[in-house]
>>> print(open('target_6.txt').read())   # compact mmCIF, N, CA and C atoms
# COMPACT_ATOMS: atom_id res chain seq x y z
N GLN K 831 8.35 -10.17 -12.54
CA GLN K 831 7.28 -10.97 -13.10
C GLN K 831 7.21 -12.32 -12.40
N VAL K 832 5.98 -12.77 -12.21
CA VAL K 832 5.75 -14.06 -11.57
C VAL K 832 4.84 -14.87 -12.49
N GLN K 833 5.20 -16.11 -12.71
CA GLN K 833 4.37 -17.00 -13.51
C GLN K 833 3.76 -18.07 -12.59
N LEU K 834 2.48 -18.35 -12.82
CA LEU K 834 1.75 -19.30 -11.99
C LEU K 834 1.06 -20.33 -12.87
N VAL K 835 1.23 -21.60 -12.53
CA VAL K 835 0.60 -22.68 -13.30
C VAL K 835 -0.08 -23.62 -12.34
N GLU K 836 -1.40 -23.77 -12.49
CA GLU K 836 -2.17 -24.66 -11.63
C GLU K 836 -2.24 -26.07 -12.21
N SER K 837 -2.42 -27.03 -11.31
CA SER K 837 -2.66 -28.41 -11.72
C SER K 837 -3.43 -29.10 -10.60
N GLY K 838 -3.99 -30.26 -10.92
CA GLY K 838 -4.64 -31.06 -9.90
C GLY K 838 -6.15 -31.04 -9.93
N GLY K 839 -6.74 -30.24 -10.81
CA GLY K 839 -8.19 -30.23 -10.90
C GLY K 839 -8.71 -31.51 -11.51
N GLY K 840 -10.03 -31.67 -11.47
CA GLY K 840 -10.63 -32.86 -12.06
C GLY K 840 -12.04 -33.06 -11.58
N LEU K 841 -12.53 -34.29 -11.80
CA LEU K 841 -13.88 -34.67 -11.42
C LEU K 841 -13.82 -35.56 -10.19
N VAL K 842 -14.63 -35.24 -9.19
CA VAL K 842 -14.67 -36.01 -7.96
C VAL K 842 -16.10 -36.07 -7.44
N GLN K 843 -16.41 -37.14 -6.73
CA GLN K 843 -17.74 -37.26 -6.15
C GLN K 843 -17.85 -36.43 -4.88
N ALA K 844 -19.06 -36.03 -4.56
CA ALA K 844 -19.29 -35.29 -3.33
C ALA K 844 -18.77 -36.10 -2.14
N GLY K 845 -18.11 -35.38 -1.22
CA GLY K 845 -17.50 -36.02 -0.07
C GLY K 845 -16.05 -36.40 -0.28
N GLY K 846 -15.60 -36.33 -1.51
CA GLY K 846 -14.23 -36.70 -1.84
C GLY K 846 -13.25 -35.56 -1.63
N SER K 847 -12.01 -35.81 -2.05
CA SER K 847 -10.92 -34.85 -1.84
C SER K 847 -10.14 -34.64 -3.13
N LEU K 848 -9.56 -33.45 -3.23
CA LEU K 848 -8.63 -33.13 -4.31
C LEU K 848 -7.55 -32.23 -3.74
N ARG K 849 -6.37 -32.27 -4.34
CA ARG K 849 -5.30 -31.37 -3.97
C ARG K 849 -4.85 -30.60 -5.20
N LEU K 850 -4.97 -29.29 -5.13
CA LEU K 850 -4.51 -28.43 -6.20
C LEU K 850 -3.09 -27.97 -5.91
N THR K 851 -2.32 -27.82 -6.99
CA THR K 851 -0.95 -27.32 -6.88
C THR K 851 -0.78 -26.13 -7.80
N CYS K 852 -0.12 -25.11 -7.30
CA CYS K 852 0.24 -23.95 -8.11
C CYS K 852 1.76 -23.86 -8.10
N SER K 853 2.35 -24.02 -9.28
CA SER K 853 3.80 -23.92 -9.42
C SER K 853 4.16 -22.49 -9.79
N ALA K 854 4.96 -21.87 -8.95
CA ALA K 854 5.35 -20.48 -9.17
C ALA K 854 6.78 -20.39 -9.68
N SER K 855 7.02 -19.45 -10.58
CA SER K 855 8.36 -19.22 -11.09
C SER K 855 8.54 -17.74 -11.36
N GLY K 856 9.78 -17.34 -11.62
CA GLY K 856 10.08 -15.93 -11.84
C GLY K 856 10.53 -15.28 -10.54
N SER K 857 10.07 -14.07 -10.29
CA SER K 857 10.51 -13.29 -9.13
C SER K 857 9.71 -13.68 -7.88
N ILE K 858 9.78 -14.96 -7.52
CA ILE K 858 8.95 -15.44 -6.42
C ILE K 858 9.40 -14.89 -5.07
N ASN K 859 10.64 -14.44 -4.97
CA ASN K 859 11.10 -13.86 -3.70
C ASN K 859 10.42 -12.52 -3.40
N SER K 860 9.80 -11.92 -4.41
CA SER K 860 9.12 -10.64 -4.22
C SER K 860 7.65 -10.80 -3.84
N VAL K 861 7.17 -12.04 -3.81
CA VAL K 861 5.75 -12.27 -3.55
C VAL K 861 5.44 -12.12 -2.06
N LEU K 862 4.41 -11.35 -1.75
CA LEU K 862 3.99 -11.13 -0.36
C LEU K 862 2.82 -12.02 0.04
N PHE K 863 1.89 -12.23 -0.87
CA PHE K 863 0.70 -13.05 -0.59
C PHE K 863 0.47 -14.00 -1.75
N MET K 864 -0.03 -15.18 -1.42
CA MET K 864 -0.45 -16.14 -2.44
C MET K 864 -1.77 -16.75 -2.00
N GLY K 865 -2.56 -17.13 -2.98
CA GLY K 865 -3.83 -17.70 -2.59
C GLY K 865 -4.57 -18.34 -3.75
N TRP K 866 -5.79 -18.71 -3.45
CA TRP K 866 -6.67 -19.35 -4.42
C TRP K 866 -8.00 -18.61 -4.47
N TYR K 867 -8.48 -18.41 -5.67
CA TYR K 867 -9.82 -17.89 -5.91
C TYR K 867 -10.55 -18.89 -6.80
N ARG K 868 -11.85 -18.77 -6.85
CA ARG K 868 -12.64 -19.62 -7.74
C ARG K 868 -13.75 -18.82 -8.40
N GLN K 869 -14.17 -19.32 -9.55
CA GLN K 869 -15.16 -18.60 -10.33
C GLN K 869 -16.07 -19.58 -11.06
N THR K 870 -17.37 -19.28 -11.03
CA THR K 870 -18.34 -20.02 -11.82
C THR K 870 -18.91 -19.09 -12.88
N PRO K 871 -19.46 -19.65 -13.97
CA PRO K 871 -19.94 -18.81 -15.07
C PRO K 871 -20.94 -17.76 -14.61
N GLY K 872 -20.70 -16.53 -15.06
CA GLY K 872 -21.61 -15.44 -14.76
C GLY K 872 -21.45 -14.82 -13.39
N LYS K 873 -20.47 -15.31 -12.63
CA LYS K 873 -20.27 -14.77 -11.28
C LYS K 873 -18.87 -14.22 -11.14
N GLU K 874 -18.69 -13.41 -10.09
CA GLU K 874 -17.37 -12.84 -9.81
C GLU K 874 -16.44 -13.90 -9.23
N ARG K 875 -15.16 -13.62 -9.32
CA ARG K 875 -14.16 -14.50 -8.73
C ARG K 875 -14.17 -14.30 -7.21
N ASP K 876 -14.29 -15.39 -6.48
CA ASP K 876 -14.41 -15.33 -5.03
C ASP K 876 -13.16 -15.89 -4.35
N LEU K 877 -12.85 -15.31 -3.21
CA LEU K 877 -11.72 -15.80 -2.42
C LEU K 877 -12.01 -17.18 -1.86
N VAL K 878 -11.03 -18.07 -2.02
CA VAL K 878 -11.08 -19.38 -1.36
C VAL K 878 -10.16 -19.37 -0.15
N ALA K 879 -8.89 -19.02 -0.38
CA ALA K 879 -7.91 -18.98 0.70
C ALA K 879 -6.76 -18.08 0.28
N LEU K 880 -6.18 -17.40 1.27
CA LEU K 880 -5.09 -16.48 1.01
C LEU K 880 -4.12 -16.56 2.16
N MET K 881 -2.81 -16.59 1.84
CA MET K 881 -1.84 -16.65 2.91
C MET K 881 -0.67 -15.74 2.66
N SER K 882 -0.09 -15.26 3.75
CA SER K 882 1.12 -14.45 3.68
C SER K 882 2.32 -15.36 3.44
N THR K 883 3.27 -14.89 2.67
CA THR K 883 4.48 -15.67 2.45
C THR K 883 5.52 -15.44 3.54
N THR K 884 5.28 -14.47 4.39
CA THR K 884 6.24 -14.16 5.45
C THR K 884 5.82 -14.70 6.81
N THR K 885 4.51 -14.69 7.08
CA THR K 885 4.04 -15.15 8.39
C THR K 885 3.30 -16.47 8.31
N THR K 886 2.90 -16.90 7.14
CA THR K 886 2.06 -18.08 6.87
C THR K 886 0.66 -17.95 7.46
N ALA K 887 0.30 -16.76 7.91
CA ALA K 887 -1.09 -16.55 8.36
C ALA K 887 -2.00 -16.71 7.15
N ALA K 888 -3.18 -17.30 7.37
CA ALA K 888 -4.08 -17.59 6.27
C ALA K 888 -5.50 -17.16 6.57
N ASN K 889 -6.21 -16.77 5.52
CA ASN K 889 -7.63 -16.46 5.61
C ASN K 889 -8.37 -17.36 4.65
N TYR K 890 -9.59 -17.75 5.03
CA TYR K 890 -10.40 -18.63 4.20
C TYR K 890 -11.77 -18.01 3.95
N GLY K 891 -12.32 -18.31 2.78
CA GLY K 891 -13.71 -17.97 2.55
C GLY K 891 -14.61 -18.75 3.49
N ASP K 892 -15.73 -18.16 3.86
CA ASP K 892 -16.60 -18.78 4.87
C ASP K 892 -17.07 -20.16 4.44
N SER K 893 -17.32 -20.35 3.16
CA SER K 893 -17.90 -21.61 2.71
C SER K 893 -16.90 -22.77 2.71
N VAL K 894 -15.61 -22.49 2.87
CA VAL K 894 -14.61 -23.57 2.82
C VAL K 894 -13.90 -23.78 4.15
N LYS K 895 -14.18 -22.93 5.12
CA LYS K 895 -13.51 -23.06 6.42
C LYS K 895 -13.77 -24.44 7.01
N GLY K 896 -12.69 -25.06 7.49
CA GLY K 896 -12.81 -26.38 8.10
C GLY K 896 -12.74 -27.52 7.10
N ARG K 897 -12.80 -27.21 5.81
CA ARG K 897 -12.75 -28.25 4.78
C ARG K 897 -11.51 -28.13 3.90
N PHE K 898 -11.08 -26.90 3.63
CA PHE K 898 -9.93 -26.65 2.75
C PHE K 898 -8.75 -26.15 3.58
N THR K 899 -7.54 -26.50 3.13
CA THR K 899 -6.32 -26.04 3.79
C THR K 899 -5.33 -25.57 2.76
N ILE K 900 -4.82 -24.36 2.96
CA ILE K 900 -3.81 -23.79 2.07
C ILE K 900 -2.44 -23.98 2.71
N SER K 901 -1.45 -24.28 1.87
CA SER K 901 -0.08 -24.43 2.35
C SER K 901 0.87 -24.13 1.21
N ARG K 902 2.14 -24.00 1.55
CA ARG K 902 3.12 -23.70 0.51
C ARG K 902 4.49 -24.22 0.90
N ASP K 903 5.34 -24.38 -0.10
CA ASP K 903 6.76 -24.59 0.12
C ASP K 903 7.50 -23.54 -0.69
N ASN K 904 8.75 -23.75 -1.00
CA ASN K 904 9.54 -22.68 -1.62
C ASN K 904 8.99 -22.23 -2.97
N THR K 905 8.46 -23.14 -3.75
CA THR K 905 8.03 -22.76 -5.10
C THR K 905 6.60 -23.13 -5.42
N ASN K 906 5.94 -23.88 -4.56
CA ASN K 906 4.58 -24.34 -4.84
C ASN K 906 3.60 -23.88 -3.78
N LEU K 907 2.39 -23.64 -4.24
CA LEU K 907 1.26 -23.36 -3.36
C LEU K 907 0.27 -24.50 -3.52
N TYR K 908 -0.33 -24.94 -2.41
CA TYR K 908 -1.23 -26.07 -2.43
C TYR K 908 -2.59 -25.69 -1.84
N LEU K 909 -3.59 -26.40 -2.30
CA LEU K 909 -4.91 -26.29 -1.70
C LEU K 909 -5.46 -27.71 -1.53
N GLN K 910 -5.50 -28.16 -0.30
CA GLN K 910 -6.09 -29.45 0.01
C GLN K 910 -7.58 -29.25 0.24
N MET K 911 -8.38 -29.91 -0.56
CA MET K 911 -9.83 -29.75 -0.50
C MET K 911 -10.47 -31.06 -0.07
N ASN K 912 -11.09 -31.06 1.09
CA ASN K 912 -11.74 -32.24 1.64
C ASN K 912 -13.24 -32.02 1.73
N LYS K 913 -13.97 -33.09 1.86
CA LYS K 913 -15.44 -33.03 2.01
C LYS K 913 -16.04 -32.13 0.93
N LEU K 914 -15.66 -32.37 -0.29
CA LEU K 914 -16.10 -31.52 -1.40
C LEU K 914 -17.60 -31.64 -1.61
N ARG K 915 -18.18 -30.52 -2.01
CA ARG K 915 -19.62 -30.42 -2.26
C ARG K 915 -19.85 -30.01 -3.71
N PRO K 916 -21.01 -30.31 -4.26
CA PRO K 916 -21.28 -29.86 -5.64
C PRO K 916 -21.12 -28.36 -5.82
N GLU K 917 -21.41 -27.58 -4.80
CA GLU K 917 -21.28 -26.13 -4.91
C GLU K 917 -19.82 -25.66 -4.92
N ASP K 918 -18.88 -26.57 -4.71
CA ASP K 918 -17.46 -26.23 -4.86
C ASP K 918 -17.02 -26.28 -6.32
N THR K 919 -17.89 -26.75 -7.19
CA THR K 919 -17.57 -26.80 -8.62
C THR K 919 -17.29 -25.41 -9.15
N ALA K 920 -16.12 -25.24 -9.77
CA ALA K 920 -15.69 -23.93 -10.26
C ALA K 920 -14.35 -24.09 -10.96
N VAL K 921 -13.93 -23.01 -11.60
CA VAL K 921 -12.55 -22.91 -12.05
C VAL K 921 -11.76 -22.26 -10.91
N TYR K 922 -10.69 -22.91 -10.52
CA TYR K 922 -9.87 -22.43 -9.41
C TYR K 922 -8.61 -21.77 -9.97
N TYR K 923 -8.34 -20.55 -9.48
CA TYR K 923 -7.21 -19.77 -9.96
C TYR K 923 -6.20 -19.53 -8.84
N CYS K 924 -4.95 -19.68 -9.19
CA CYS K 924 -3.87 -19.32 -8.28
C CYS K 924 -3.61 -17.83 -8.42
N TYR K 925 -3.24 -17.20 -7.33
CA TYR K 925 -3.12 -15.73 -7.26
C TYR K 925 -1.89 -15.37 -6.44
N ALA K 926 -1.20 -14.33 -6.86
CA ALA K 926 -0.04 -13.84 -6.10
C ALA K 926 0.04 -12.33 -6.21
N VAL K 927 0.54 -11.70 -5.16
CA VAL K 927 0.77 -10.25 -5.14
C VAL K 927 2.20 -10.01 -4.70
N ASP K 928 2.91 -9.15 -5.45
CA ASP K 928 4.30 -8.91 -5.10
C ASP K 928 4.46 -7.61 -4.32
N GLU K 929 5.71 -7.27 -4.05
CA GLU K 929 6.03 -6.10 -3.22
C GLU K 929 5.53 -4.80 -3.83
N GLU K 930 5.36 -4.78 -5.15
CA GLU K 930 4.87 -3.56 -5.81
C GLU K 930 3.36 -3.60 -5.96
N ARG K 931 2.72 -4.56 -5.29
CA ARG K 931 1.26 -4.73 -5.31
C ARG K 931 0.75 -5.10 -6.71
N THR K 932 1.62 -5.70 -7.50
CA THR K 932 1.21 -6.22 -8.80
C THR K 932 0.60 -7.60 -8.58
N ALA K 933 -0.57 -7.81 -9.17
CA ALA K 933 -1.27 -9.09 -9.03
C ALA K 933 -1.00 -9.99 -10.23
N TYR K 934 -0.87 -11.28 -9.94
CA TYR K 934 -0.64 -12.29 -10.97
C TYR K 934 -1.68 -13.39 -10.82
N TRP K 935 -2.09 -13.96 -11.96
CA TRP K 935 -3.07 -15.04 -11.96
C TRP K 935 -2.56 -16.19 -12.81
N GLY K 936 -2.93 -17.39 -12.41
CA GLY K 936 -2.70 -18.54 -13.25
C GLY K 936 -3.83 -18.67 -14.27
N GLN K 937 -3.74 -19.71 -15.08
CA GLN K 937 -4.73 -19.89 -16.15
C GLN K 937 -6.00 -20.58 -15.66
N GLY K 938 -5.94 -21.14 -14.46
CA GLY K 938 -7.11 -21.79 -13.88
C GLY K 938 -7.15 -23.28 -14.12
N THR K 939 -7.78 -23.99 -13.18
CA THR K 939 -7.98 -25.43 -13.31
C THR K 939 -9.40 -25.76 -12.88
N GLN K 940 -10.06 -26.59 -13.66
CA GLN K 940 -11.46 -26.91 -13.41
C GLN K 940 -11.60 -27.97 -12.33
N VAL K 941 -12.46 -27.70 -11.37
CA VAL K 941 -12.85 -28.68 -10.36
C VAL K 941 -14.34 -28.91 -10.49
N THR K 942 -14.72 -30.16 -10.67
CA THR K 942 -16.13 -30.53 -10.80
C THR K 942 -16.47 -31.57 -9.75
N VAL K 943 -17.48 -31.28 -8.94
CA VAL K 943 -17.91 -32.18 -7.88
C VAL K 943 -19.30 -32.69 -8.23
N SER K 944 -19.41 -33.99 -8.42
CA SER K 944 -20.70 -34.57 -8.78
C SER K 944 -21.47 -34.99 -7.53
N SER K 945 -22.78 -34.91 -7.61
CA SER K 945 -23.62 -35.26 -6.46
C SER K 945 -24.00 -36.73 -6.46
>>> encode(input="target_6.txt", output="structure tokens")
Amino acid sequence: QVQLVESGGGLVQAGGSLRLTCSASGSINSVLFMGWYRQTPGKERDLVALMSTTTTAANYGDSVKGRFTISRDNTNLYLQMNKLRPEDTAVYYCYAVDEERTAYWGQGTQVTVSS
């Protein structure tokens, strides 16, 4: 089992920056991939960024490439968000997949970008 807790969301003006943190606990040594997804009301959860825990290779959603950066240390996953736009407003979820392909989600953190 893996537990994920997000923090760092909030209200920011367009063009500003925020850094999200996902604190992971439990069987974190079994995690193969970690990442961030986001969701707005009435829409599906979309990929923001995903990275391997073994190679640190990362993939980004097209709308955030060049603005967001995913990184991690032993127990935390981060999402540095720069040049934020109103369309980045969403609930951001931390995500992890372990060796048994079991998926885990955090409770989400709200990011609101004002114009």
>>> residues_around(input="target_6.txt", residues="Val927 of chain K", least_positions_apart="4", cutoff="6 Å", atoms="only C-alpha atoms", output="ChimeraX atom specification")
/K:861-863,931-933
>>> closest_residue(input="target_6.txt", among="K:Ile858, K:Met911, K:Leu880, K:Cys852", to="Val941 of chain K", atoms="only C-alpha atoms")
K:Met911
>>> closest_residue(input="target_6.txt", among="K:Val943, K:Val921, K:Ala854, K:Ala926", to="Asn904 of chain K", atoms="all atoms listed in the file")
K:Ala854
>>> residues_around(input="target_6.txt", residues="Met864 of chain K", least_positions_apart="3", cutoff="12 Å", atoms="only C-alpha atoms", output="PyMOL selection string")
chain K and resi 832+834+852-854+858-861+867+877-889+900-909+923-929+931-936
>>> select_by_dssp(input="target_6.txt", residues="segment 841-930 of chain K", states="strand (DSSP E or B)", output="ChimeraX atom specification")
/K:841-843,848-856,861-869,876-882,888-890,898-902,906-911,920-928
>>> residues_around(input="target_6.txt", residues="Thr870 of chain K", least_positions_apart="5", cutoff="10 Å", atoms="only C-alpha atoms", output="list of chain:residue names")
K:Arg875, K:Asp876, K:Glu917, K:Asp918, K:Thr919, K:Ala920, K:Val921, K:Tyr922, K:Gln940
>>> atom_distance(input="target_6.txt", atom1="atom CA of Ser847 of chain K", atom2="atom CA of Arg915 of chain K")
9.8 Å
>>> residues_around(input="target_6.txt", residues="segment 841-846 of chain K", least_positions_apart="2", cutoff="5 Å", atoms="only N, CA and C atoms", output="ChimeraX atom specification")
/K:839,848,912-915,942-945
>>> residues_around(input="target_6.txt", residues="Gln910 of chain K", least_positions_apart="2", cutoff="6 Å", atoms="only C-alpha atoms", output="CSV table (one decimal) with N, CA and C atoms, keeping the file's coordinate frame")
chain,number,residue,atom,x,y,z
K,849,ARG,N,-6.4,-32.3,-4.3
K,849,ARG,CA,-5.3,-31.4,-4.0
K,849,ARG,C,-4.8,-30.6,-5.2
K,898,PHE,N,-11.1,-26.9,3.6
K,898,PHE,CA,-9.9,-26.6,2.8
K,898,PHE,C,-8.8,-26.2,3.6
K,899,THR,N,-7.5,-26.5,3.1
K,899,THR,CA,-6.3,-26.0,3.8
K,899,THR,C,-5.3,-25.6,2.8
>>> atom_distance(input="target_6.txt", atom1="atom CA of Ser855 of chain K", atom2="atom CA of Arg897 of chain K")
27.9 Å
